Amino acid sequence: MYKISEFSEMTGLTKETLRYYAEVKLLEPAYVHPKNHYRYYDDGSYFLAVLLVKLRQFEFTIQEMISVMEDESFANLETLLQEKRDNIQLQIHHLQLKINEIDVFLATGREIEE
């Protein structure tokens with residue numbers, strides 16, 4: 001079992017984030033001492049924490065992360081990741097269109113100067 005400070009260091013999640021994740025039932029401690037309320041995490045918690053860190057890197061919202069964690073089989077995870085990937089591809093496409101518009105605008109400005 002790992003104290004919250006140890007677990008925070010292991011996972012890169014701040015103690016505040018871990019407390020918040022417990023509050024929203026996203027990642028609850030494996031054990032909470034009944035007298036001093038210290039939180040302890042186990043190896044299973046570590047696996048889930050690493051998954052949550054990855055999901056945040058992929059810009060999952062808290063609600064999306066809760067949805068993934070509630071589906072303990074992770075059956076929908078692949079679908080959600082594919083949707084994120086598709087959205088990123090669409091954003092890239094829109095950004096490329098903006099770049100092209102800027103290039104055209106710059107070229108038009110150069111033609112006027114000549």
# chains A, B, ... in the order shown; residues from 1 in each chain; ligands from 1

$ residues_around --residues "Glu64 (chain A)" --least-positions-apart "3" --cutoff "12 Å" --atoms "only C-alpha atoms" --output "PyMOL selection string"
chain A and resi 26+52+55-56+58-61+67-71+76-77+79-81+83-84

$ residues_around --residues "region 6-12 of chain A" --least-positions-apart "2" --cutoff "10 Å" --atoms "only C-alpha atoms" --output "PyMOL selection string"
chain A and resi 1-4+14-18+39-43+45-50+52-53

$ write_last_selection --atoms "C-alpha atoms" --output "PDB file, in the first residue's frame"
ATOM      1  CA  MET A   1       0.000   0.000   0.000  1.00  0.00           C
ATOM      2  CA  TYR A   2       1.164   3.497  -0.817  1.00  0.00           C
ATOM      3  CA  LYS A   3       0.461   6.699   1.076  1.00  0.00           C
ATOM      4  CA  ILE A   4      -1.039   9.483  -1.009  1.00  0.00           C
ATOM      5  CA  THR A  14      -0.840  15.835  -7.467  1.00  0.00           C
ATOM      6  CA  LYS A  15      -2.310  15.060  -4.074  1.00  0.00           C
ATOM      7  CA  GLU A  16      -5.028  17.612  -4.837  1.00  0.00           C
ATOM      8  CA  THR A  17      -5.867  15.807  -8.087  1.00  0.00           C
ATOM      9  CA  LEU A  18      -5.993  12.471  -6.294  1.00  0.00           C
ATOM     10  CA  ARG A  39      -5.590   7.464   2.004  1.00  0.00           C
ATOM     11  CA  TYR A  40      -3.736   4.423   0.743  1.00  0.00           C
ATOM     12  CA  TYR A  41      -3.436   3.160  -2.799  1.00  0.00           C
ATOM     13  CA  ASP A  42      -2.448  -0.253  -4.128  1.00  0.00           C
ATOM     14  CA  ASP A  43      -1.013  -1.657  -7.355  1.00  0.00           C
ATOM     15  CA  SER A  45      -4.889   1.853  -8.196  1.00  0.00           C
ATOM     16  CA  TYR A  46      -1.568   2.467  -9.916  1.00  0.00           C
ATOM     17  CA  PHE A  47      -2.790   0.848 -13.144  1.00  0.00           C
ATOM     18  CA  LEU A  48      -5.929   3.005 -13.100  1.00  0.00           C
ATOM     19  CA  ALA A  49      -3.942   6.159 -12.304  1.00  0.00           C
ATOM     20  CA  VAL A  50      -1.613   5.553 -15.261  1.00  0.00           C
ATOM     21  CA  LEU A  52      -6.153   8.381 -16.187  1.00  0.00           C
ATOM     22  CA  VAL A  53      -2.903  10.239 -16.826  1.00  0.00           C
TER      23      VAL A  53
END

$ atom_distance --atom1 "CA of Glu23 (chain A)" --atom2 "CA of Phe74 (chain A)"
21.5 Å

$ atom_distance --atom1 "CA of Glu28 (chain A)" --atom2 "CA of Ser73 (chain A)"
17.7 Å

$ atom_distance --atom1 "CA of Leu90 (chain A)" --atom2 "CA of Phe105 (chain A)"
22.6 Å
